[in-house]
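Next comes model38.cif, a file with mmCIF, N, CA and C atoms.
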data_my_file
loop_
_atom_site.label_atom_id
_atom_site.label_comp_id
_atom_site.auth_asym_id
_atom_site.auth_seq_id
_atom_site.Cartn_x
_atom_site.Cartn_y
_atom_site.Cartn_z
N MET P 1 -11.91 -30.79 35.41
CA MET P 1 -12.14 -29.68 36.33
C MET P 1 -13.48 -29.85 37.02
N SER P 2 -13.50 -29.50 38.26
CA SER P 2 -14.78 -29.57 38.98
C SER P 2 -15.60 -28.33 38.66
N LYS P 3 -16.85 -28.36 39.06
CA LYS P 3 -17.75 -27.26 38.76
C LYS P 3 -17.32 -25.96 39.43
N LYS P 4 -16.68 -26.04 40.59
CA LYS P 4 -16.31 -24.84 41.32
C LYS P 4 -15.05 -24.17 40.77
N GLN P 5 -14.24 -24.89 40.02
CA GLN P 5 -13.03 -24.30 39.45
C GLN P 5 -13.42 -23.42 38.25
N THR P 6 -12.76 -22.29 38.13
CA THR P 6 -13.04 -21.36 37.05
C THR P 6 -11.89 -21.38 36.06
N ARG P 7 -12.25 -21.36 34.81
CA ARG P 7 -11.21 -21.28 33.77
C ARG P 7 -10.85 -19.80 33.59
N PHE P 8 -9.57 -19.53 33.60
CA PHE P 8 -9.11 -18.15 33.44
C PHE P 8 -8.88 -17.85 31.96
N THR P 9 -9.96 -17.45 31.31
CA THR P 9 -9.86 -17.07 29.91
C THR P 9 -9.76 -15.55 29.83
N THR P 10 -9.44 -15.05 28.70
CA THR P 10 -9.35 -13.60 28.51
C THR P 10 -10.70 -12.95 28.74
N GLU P 11 -11.76 -13.61 28.27
CA GLU P 11 -13.10 -13.07 28.45
C GLU P 11 -13.47 -12.99 29.93
N TYR P 12 -13.10 -14.04 30.68
CA TYR P 12 -13.40 -14.07 32.11
C TYR P 12 -12.62 -12.96 32.84
N LEU P 13 -11.32 -12.84 32.53
CA LEU P 13 -10.50 -11.84 33.20
C LEU P 13 -10.92 -10.42 32.85
N ALA P 14 -11.45 -10.21 31.67
CA ALA P 14 -11.89 -8.88 31.24
C ALA P 14 -13.05 -8.38 32.08
N LYS P 15 -13.76 -9.28 32.74
CA LYS P 15 -14.92 -8.91 33.56
C LYS P 15 -14.55 -8.71 35.02
N THR P 16 -13.29 -8.92 35.36
CA THR P 16 -12.87 -8.81 36.76
C THR P 16 -12.29 -7.43 37.05
N ALA P 17 -11.98 -7.19 38.33
CA ALA P 17 -11.38 -5.93 38.74
C ALA P 17 -10.00 -5.74 38.10
N CYS P 18 -9.37 -6.85 37.77
CA CYS P 18 -8.05 -6.81 37.13
C CYS P 18 -8.11 -6.02 35.81
N ALA P 19 -9.21 -6.16 35.10
CA ALA P 19 -9.36 -5.50 33.81
C ALA P 19 -9.39 -3.98 33.97
N SER P 20 -10.02 -3.50 35.03
CA SER P 20 -10.08 -2.04 35.22
C SER P 20 -8.72 -1.47 35.63
N LEU P 21 -7.90 -2.29 36.25
CA LEU P 21 -6.57 -1.83 36.65
C LEU P 21 -5.57 -1.88 35.49
N ASN P 22 -5.80 -2.77 34.54
CA ASN P 22 -4.90 -2.95 33.40
C ASN P 22 -5.68 -2.98 32.08
N PRO P 23 -6.35 -1.88 31.73
CA PRO P 23 -7.20 -1.91 30.54
C PRO P 23 -6.44 -2.16 29.25
N HIS P 24 -5.17 -1.78 29.21
CA HIS P 24 -4.38 -1.98 27.99
C HIS P 24 -4.20 -3.45 27.65
N LEU P 25 -4.33 -4.33 28.66
CA LEU P 25 -4.17 -5.76 28.42
C LEU P 25 -5.38 -6.37 27.72
N PHE P 26 -6.50 -5.70 27.81
CA PHE P 26 -7.73 -6.27 27.29
C PHE P 26 -8.31 -5.51 26.11
N ASP P 27 -7.64 -4.47 25.68
CA ASP P 27 -8.10 -3.73 24.50
C ASP P 27 -7.94 -4.60 23.27
N GLN P 28 -8.91 -4.53 22.42
CA GLN P 28 -8.81 -5.25 21.16
C GLN P 28 -7.90 -4.45 20.23
N PRO P 29 -7.01 -5.12 19.52
CA PRO P 29 -6.11 -4.37 18.63
C PRO P 29 -6.89 -3.71 17.51
N GLU P 30 -6.63 -2.42 17.33
CA GLU P 30 -7.25 -1.68 16.24
C GLU P 30 -6.34 -1.77 15.03
N GLU P 31 -6.78 -1.13 13.96
CA GLU P 31 -5.93 -1.10 12.77
C GLU P 31 -4.61 -0.45 13.15
N LYS P 32 -3.54 -0.99 12.60
CA LYS P 32 -2.24 -0.42 12.91
C LYS P 32 -2.18 1.00 12.37
N LYS P 33 -1.74 1.91 13.22
CA LYS P 33 -1.58 3.28 12.78
C LYS P 33 -0.28 3.39 12.01
N LYS P 34 -0.31 4.19 10.95
CA LYS P 34 0.90 4.37 10.17
C LYS P 34 1.90 5.16 11.01
N LYS P 35 3.12 4.68 11.01
CA LYS P 35 4.17 5.34 11.77
C LYS P 35 4.55 6.63 11.07
N LYS P 36 4.61 7.71 11.81
CA LYS P 36 4.96 8.99 11.24
C LYS P 36 6.45 9.02 10.94
N SER P 37 6.77 9.54 9.78
CA SER P 37 8.16 9.61 9.35
C SER P 37 8.96 10.56 10.24
N LYS P 38 10.22 10.24 10.44
CA LYS P 38 11.08 11.05 11.30
C LYS P 38 11.22 12.47 10.77
N TYR P 39 11.31 12.63 9.45
CA TYR P 39 11.51 13.95 8.86
C TYR P 39 10.25 14.49 8.20
N GLY P 40 9.11 13.85 8.39
CA GLY P 40 7.85 14.37 7.89
C GLY P 40 7.55 14.05 6.43
N ASN P 41 8.35 13.20 5.80
CA ASN P 41 8.07 12.87 4.39
C ASN P 41 6.94 11.85 4.30
N LYS P 42 6.25 11.87 3.16
CA LYS P 42 5.12 10.97 2.95
C LYS P 42 5.40 10.08 1.76
N LYS P 43 5.27 8.78 1.96
CA LYS P 43 5.49 7.84 0.86
C LYS P 43 4.45 8.09 -0.22
N THR P 44 4.90 8.04 -1.47
CA THR P 44 4.05 8.32 -2.62
C THR P 44 4.30 7.28 -3.70
N GLU P 45 3.24 6.90 -4.40
CA GLU P 45 3.37 5.89 -5.45
C GLU P 45 3.04 6.49 -6.81
N ILE P 46 3.92 6.22 -7.78
CA ILE P 46 3.70 6.64 -9.17
C ILE P 46 4.05 5.47 -10.07
N ASN P 47 3.14 5.12 -10.96
CA ASN P 47 3.35 4.02 -11.90
C ASN P 47 3.74 2.73 -11.20
N GLY P 48 3.19 2.49 -10.01
CA GLY P 48 3.50 1.28 -9.27
C GLY P 48 4.83 1.31 -8.54
N ILE P 49 5.52 2.44 -8.57
CA ILE P 49 6.80 2.59 -7.88
C ILE P 49 6.58 3.44 -6.64
N GLU P 50 7.01 2.94 -5.48
CA GLU P 50 6.84 3.68 -4.24
C GLU P 50 8.08 4.52 -3.96
N PHE P 51 7.86 5.80 -3.71
CA PHE P 51 8.94 6.74 -3.40
C PHE P 51 8.86 7.13 -1.94
N ASP P 52 10.01 7.47 -1.36
CA ASP P 52 10.07 7.80 0.06
C ASP P 52 9.45 9.16 0.38
N SER P 53 9.33 10.04 -0.61
CA SER P 53 8.78 11.37 -0.35
C SER P 53 8.05 11.90 -1.57
N ILE P 54 7.24 12.91 -1.34
CA ILE P 54 6.54 13.58 -2.43
C ILE P 54 7.55 14.27 -3.32
N ARG P 55 8.58 14.86 -2.73
CA ARG P 55 9.62 15.55 -3.49
C ARG P 55 10.29 14.60 -4.48
N GLU P 56 10.63 13.40 -4.02
CA GLU P 56 11.28 12.41 -4.88
C GLU P 56 10.34 11.95 -6.00
N ALA P 57 9.06 11.80 -5.69
CA ALA P 57 8.08 11.38 -6.70
C ALA P 57 7.90 12.46 -7.77
N LYS P 58 7.84 13.72 -7.35
CA LYS P 58 7.71 14.82 -8.30
C LYS P 58 8.94 14.90 -9.20
N ARG P 59 10.10 14.71 -8.61
CA ARG P 59 11.34 14.76 -9.40
C ARG P 59 11.35 13.63 -10.42
N TYR P 60 10.87 12.45 -10.04
CA TYR P 60 10.79 11.32 -10.95
C TYR P 60 9.89 11.65 -12.14
N LYS P 61 8.74 12.26 -11.87
CA LYS P 61 7.83 12.64 -12.96
C LYS P 61 8.50 13.63 -13.90
N HIS P 62 9.26 14.57 -13.35
CA HIS P 62 9.96 15.56 -14.17
C HIS P 62 11.05 14.89 -15.01
N LEU P 63 11.79 13.97 -14.40
CA LEU P 63 12.84 13.27 -15.14
C LEU P 63 12.24 12.39 -16.24
N LEU P 64 11.07 11.79 -16.00
CA LEU P 64 10.39 11.02 -17.05
C LEU P 64 10.04 11.92 -18.23
N PHE P 65 9.58 13.14 -17.91
CA PHE P 65 9.27 14.10 -18.97
C PHE P 65 10.52 14.47 -19.75
N LEU P 66 11.63 14.76 -19.04
CA LEU P 66 12.89 15.10 -19.72
C LEU P 66 13.38 13.96 -20.59
N GLN P 67 13.18 12.73 -20.14
CA GLN P 67 13.58 11.57 -20.93
C GLN P 67 12.70 11.45 -22.17
N LYS P 68 11.43 11.75 -22.02
CA LYS P 68 10.49 11.65 -23.14
C LYS P 68 10.81 12.66 -24.24
N ILE P 69 11.25 13.88 -23.85
CA ILE P 69 11.57 14.89 -24.86
C ILE P 69 13.02 14.81 -25.33
N GLY P 70 13.78 13.88 -24.75
CA GLY P 70 15.13 13.61 -25.25
C GLY P 70 16.27 14.39 -24.61
N GLU P 71 16.00 15.07 -23.51
CA GLU P 71 17.08 15.82 -22.84
C GLU P 71 17.96 14.92 -21.99
N ILE P 72 17.39 13.82 -21.46
CA ILE P 72 18.18 12.85 -20.71
C ILE P 72 17.89 11.46 -21.26
N ALA P 73 18.75 10.52 -20.91
CA ALA P 73 18.56 9.13 -21.36
C ALA P 73 18.99 8.17 -20.26
N PHE P 74 18.57 6.93 -20.38
CA PHE P 74 18.98 5.84 -19.48
C PHE P 74 18.70 6.13 -18.01
N LEU P 75 17.51 6.59 -17.72
CA LEU P 75 17.11 6.90 -16.34
C LEU P 75 17.03 5.62 -15.52
N LYS P 76 17.75 5.61 -14.39
CA LYS P 76 17.74 4.46 -13.47
C LYS P 76 17.37 4.96 -12.08
N LEU P 77 16.72 4.08 -11.31
CA LEU P 77 16.32 4.42 -9.95
C LEU P 77 17.06 3.56 -8.94
N GLN P 78 17.34 4.14 -7.78
CA GLN P 78 17.93 3.42 -6.64
C GLN P 78 19.18 2.63 -7.02
N VAL P 79 20.18 3.34 -7.48
CA VAL P 79 21.43 2.72 -7.92
C VAL P 79 22.42 2.71 -6.74
N PRO P 80 22.91 1.52 -6.35
CA PRO P 80 23.84 1.44 -5.21
C PRO P 80 25.30 1.69 -5.63
N TYR P 81 26.05 2.34 -4.74
CA TYR P 81 27.48 2.58 -4.93
C TYR P 81 28.21 2.12 -3.67
N GLU P 82 29.26 1.33 -3.84
CA GLU P 82 30.08 0.87 -2.72
C GLU P 82 31.04 2.00 -2.34
N LEU P 83 31.05 2.39 -1.07
CA LEU P 83 31.89 3.50 -0.63
C LEU P 83 33.11 3.05 0.17
N ASN P 84 33.19 1.76 0.47
CA ASN P 84 34.31 1.25 1.24
C ASN P 84 34.84 -0.02 0.57
N PRO P 85 35.30 0.09 -0.67
CA PRO P 85 35.76 -1.12 -1.36
C PRO P 85 36.98 -1.73 -0.67
N GLY P 86 36.92 -3.02 -0.47
CA GLY P 86 38.03 -3.73 0.16
C GLY P 86 38.10 -3.56 1.66
N GLY P 87 37.18 -2.82 2.24
CA GLY P 87 37.18 -2.59 3.69
C GLY P 87 36.53 -3.74 4.43
N THR P 88 36.63 -3.69 5.74
CA THR P 88 36.04 -4.76 6.56
C THR P 88 34.53 -4.57 6.71
N HIS P 89 34.06 -3.34 6.61
CA HIS P 89 32.63 -3.06 6.73
C HIS P 89 32.12 -2.49 5.42
N SER P 90 30.94 -2.93 5.04
CA SER P 90 30.33 -2.43 3.81
C SER P 90 29.63 -1.11 4.08
N LEU P 91 29.86 -0.14 3.22
CA LEU P 91 29.18 1.13 3.31
C LEU P 91 28.66 1.44 1.91
N ILE P 92 27.37 1.57 1.78
CA ILE P 92 26.76 1.73 0.47
C ILE P 92 25.92 3.01 0.44
N TYR P 93 26.05 3.76 -0.64
CA TYR P 93 25.20 4.91 -0.90
C TYR P 93 24.24 4.50 -2.02
N ILE P 94 22.96 4.77 -1.84
CA ILE P 94 21.98 4.44 -2.87
C ILE P 94 21.45 5.75 -3.43
N ALA P 95 21.79 5.99 -4.71
CA ALA P 95 21.36 7.21 -5.39
C ALA P 95 19.89 7.10 -5.77
N ASP P 96 19.15 8.19 -5.63
CA ASP P 96 17.75 8.18 -6.03
C ASP P 96 17.62 7.99 -7.53
N PHE P 97 18.41 8.75 -8.30
CA PHE P 97 18.33 8.71 -9.76
C PHE P 97 19.72 8.77 -10.36
N VAL P 98 19.91 8.05 -11.45
CA VAL P 98 21.12 8.14 -12.25
C VAL P 98 20.66 8.20 -13.70
N TYR P 99 21.20 9.15 -14.45
CA TYR P 99 20.82 9.29 -15.86
C TYR P 99 21.95 9.96 -16.63
N MET P 100 21.85 9.92 -17.95
CA MET P 100 22.85 10.54 -18.81
C MET P 100 22.22 11.76 -19.47
N GLU P 101 22.94 12.89 -19.42
CA GLU P 101 22.49 14.08 -20.13
C GLU P 101 22.74 13.87 -21.61
N ALA P 102 21.72 14.06 -22.42
CA ALA P 102 21.80 13.75 -23.85
C ALA P 102 22.79 14.67 -24.58
N LYS P 103 22.84 15.95 -24.23
CA LYS P 103 23.71 16.90 -24.94
C LYS P 103 25.19 16.65 -24.67
N THR P 104 25.54 16.39 -23.42
CA THR P 104 26.94 16.26 -23.05
C THR P 104 27.41 14.81 -22.96
N GLY P 105 26.49 13.90 -22.74
CA GLY P 105 26.86 12.49 -22.57
C GLY P 105 27.39 12.19 -21.18
N GLU P 106 27.28 13.15 -20.26
CA GLU P 106 27.76 12.95 -18.90
C GLU P 106 26.70 12.25 -18.05
N TRP P 107 27.17 11.37 -17.16
CA TRP P 107 26.28 10.70 -16.23
C TRP P 107 26.05 11.60 -15.03
N VAL P 108 24.82 11.63 -14.55
CA VAL P 108 24.45 12.45 -13.40
C VAL P 108 23.91 11.53 -12.31
N VAL P 109 24.44 11.70 -11.10
CA VAL P 109 23.94 10.99 -9.92
C VAL P 109 23.18 12.02 -9.11
N GLU P 110 21.90 11.74 -8.86
CA GLU P 110 21.04 12.75 -8.25
C GLU P 110 20.33 12.19 -7.02
N ASP P 111 20.16 13.07 -6.04
CA ASP P 111 19.46 12.71 -4.81
C ASP P 111 18.46 13.80 -4.48
N SER P 112 17.22 13.41 -4.21
CA SER P 112 16.19 14.36 -3.78
C SER P 112 16.29 14.49 -2.27
N LYS P 113 16.75 15.64 -1.83
CA LYS P 113 17.00 15.83 -0.41
C LYS P 113 16.14 16.92 0.18
N GLY P 114 15.52 16.62 1.29
CA GLY P 114 14.83 17.62 2.08
C GLY P 114 15.67 17.93 3.30
N MET P 115 16.28 16.89 3.87
CA MET P 115 17.10 17.01 5.08
C MET P 115 18.47 16.40 4.81
N ARG P 116 19.50 17.20 4.96
CA ARG P 116 20.87 16.70 4.75
C ARG P 116 21.44 16.24 6.09
N THR P 117 21.31 14.97 6.35
CA THR P 117 21.77 14.41 7.63
C THR P 117 23.29 14.27 7.63
N ALA P 118 23.84 14.03 8.80
CA ALA P 118 25.29 13.84 8.92
C ALA P 118 25.74 12.61 8.15
N VAL P 119 24.93 11.56 8.17
CA VAL P 119 25.27 10.33 7.43
C VAL P 119 25.30 10.61 5.94
N TYR P 120 24.31 11.37 5.45
CA TYR P 120 24.28 11.70 4.02
C TYR P 120 25.51 12.54 3.64
N ARG P 121 25.85 13.53 4.46
CA ARG P 121 27.01 14.39 4.14
C ARG P 121 28.28 13.56 4.08
N LYS P 122 28.42 12.58 4.98
CA LYS P 122 29.58 11.70 4.97
C LYS P 122 29.62 10.89 3.67
N LYS P 123 28.48 10.33 3.28
CA LYS P 123 28.43 9.53 2.06
C LYS P 123 28.68 10.39 0.82
N ARG P 124 28.22 11.64 0.85
CA ARG P 124 28.46 12.56 -0.26
C ARG P 124 29.96 12.82 -0.43
N ARG P 125 30.65 13.02 0.69
CA ARG P 125 32.12 13.22 0.63
C ARG P 125 32.83 11.98 0.11
N LEU P 126 32.39 10.79 0.57
CA LEU P 126 33.00 9.55 0.13
C LEU P 126 32.74 9.28 -1.36
N MET P 127 31.57 9.66 -1.86
CA MET P 127 31.28 9.50 -3.29
C MET P 127 32.28 10.30 -4.12
N LYS P 128 32.59 11.50 -3.67
CA LYS P 128 33.55 12.36 -4.38
C LYS P 128 34.95 11.76 -4.28
N LYS P 129 35.32 11.29 -3.11
CA LYS P 129 36.67 10.76 -2.88
C LYS P 129 36.88 9.41 -3.58
N VAL P 130 35.95 8.48 -3.44
CA VAL P 130 36.11 7.12 -3.96
C VAL P 130 35.82 7.02 -5.45
N HIS P 131 34.71 7.64 -5.88
CA HIS P 131 34.28 7.48 -7.26
C HIS P 131 34.49 8.72 -8.12
N GLY P 132 34.85 9.85 -7.48
CA GLY P 132 35.00 11.09 -8.23
C GLY P 132 33.68 11.65 -8.73
N ILE P 133 32.59 11.33 -8.04
CA ILE P 133 31.25 11.74 -8.45
C ILE P 133 30.71 12.79 -7.48
N THR P 134 30.24 13.90 -8.05
CA THR P 134 29.56 14.91 -7.26
C THR P 134 28.06 14.66 -7.38
N ILE P 135 27.42 14.53 -6.25
CA ILE P 135 25.98 14.25 -6.23
C ILE P 135 25.21 15.53 -6.46
N LYS P 136 24.30 15.51 -7.41
CA LYS P 136 23.42 16.64 -7.67
C LYS P 136 22.24 16.52 -6.72
N GLU P 137 21.99 17.56 -5.94
CA GLU P 137 20.90 17.55 -4.97
C GLU P 137 19.74 18.38 -5.50
N THR P 138 18.55 17.78 -5.45
CA THR P 138 17.36 18.50 -5.90
C THR P 138 16.32 18.52 -4.80
#
Final structure tokens representation of the file:
Amino acid sequence: MSKKQTRFTTEYLAKTACASLNPHLFDQPEEKKKKKSKYGNKKTEINGIEFDSIREAKRYKHLLFLQKIGEIAFLKLQVPYELNPGGTHSLIYIADFVYMEAKTGEWVVEDSKGMRTAVYRKKRRLMKKVHGITIKET
């Protein structure tokens, strides 16, 4: 390059009139802002496990207590259920909690719900139809 030719670097362009017309092109990236949840829930961590909402985390703590005193047993988290067996498209419902009640020996499928969306209501109906399971909502 000859002395009169200018290299078009980001630093050079940031000092030109172009920068004032398009400031968004020259802003330095800041820390990524956390994306706000669609339904206002806040991710929460307990014992190294991340939950989608404070409600779900509180319910987990309560279920841990119930398991400790012997009212429930075999507590499991995020258990998947196939809702379209043998179909062309896979449809899966993931239960927040599954556990057995110690007194009755019955298995409970539980979901911590703040917002009952149309998709959730559809999956709830399919759980009853396909597996004969009624989801307990907390």
TODO: Taking the file as shown, find all residues satisfying the PyMOL selection byres (((chain P and resi 90-104 and name CA) around 6) and name CA) and write them as a list in words.
DONE: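 With the shown file as input, the PyMOL selection byres (((chain P and resi 90-104 and name CA) around 6) and name CA) matches Glu71, Ile72, Ala73, Phe74, Leu75, Lys76, Leu77, Gln78, Val79, Pro80, Tyr81, Glu82, Leu83, Asn84, His89, Gly105, Glu106, Trp107, Val108, Val109, Glu110 and Asp111 of chain P.
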Task: Filtered DSSP result for chain P, state alpha helix (DSSP H), as number ranges by chain - done: P: 10-14, 17-21, 54-69, 118-126
Open item on the list: For the structure I just gave you, how does DSSP split chain P - specifically, which residues are strand (DSSP E or B)? Reply as a PyMOL selection string.
Closed with: chain P and resi 44-46+49-51+72-82+92-101+107-111+136-137
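We find CA of Met115 in chain P and CA of Ile54 in chain P to be spaced 13.4 Å apart.
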Task: Point-to-point distance in Å for atom C of Leu25 in chain P and atom C of Leu13 in chain P - done: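 For atom C of Leu13 in chain P relative to atom C of Leu25 in chain P, the distance reads 8.6 Å.
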- [ ] Can you work out the spacing between CA of Gly86 in chain P and CA of Val130 in chain P in Å, to one decimal?
- [x]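 Rounded to one decimal, the two atoms are 11.8 Å apart.
With distances taken over only N, CA and C atoms, P:Arg55 is the one residue among P:His131, P:His62, P:Lys68, P:Arg55 lying closest to Gly114 in chain P.
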Open item on the list: Ranking P:Thr9, P:Lys123, P:Lys38, P:Thr138 by minimum distance to Lys58 in chain P and counting only C-alpha atoms, which one comes first?
Closed with: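 Closest residue, counting only C-alpha atoms: P:Thr138.
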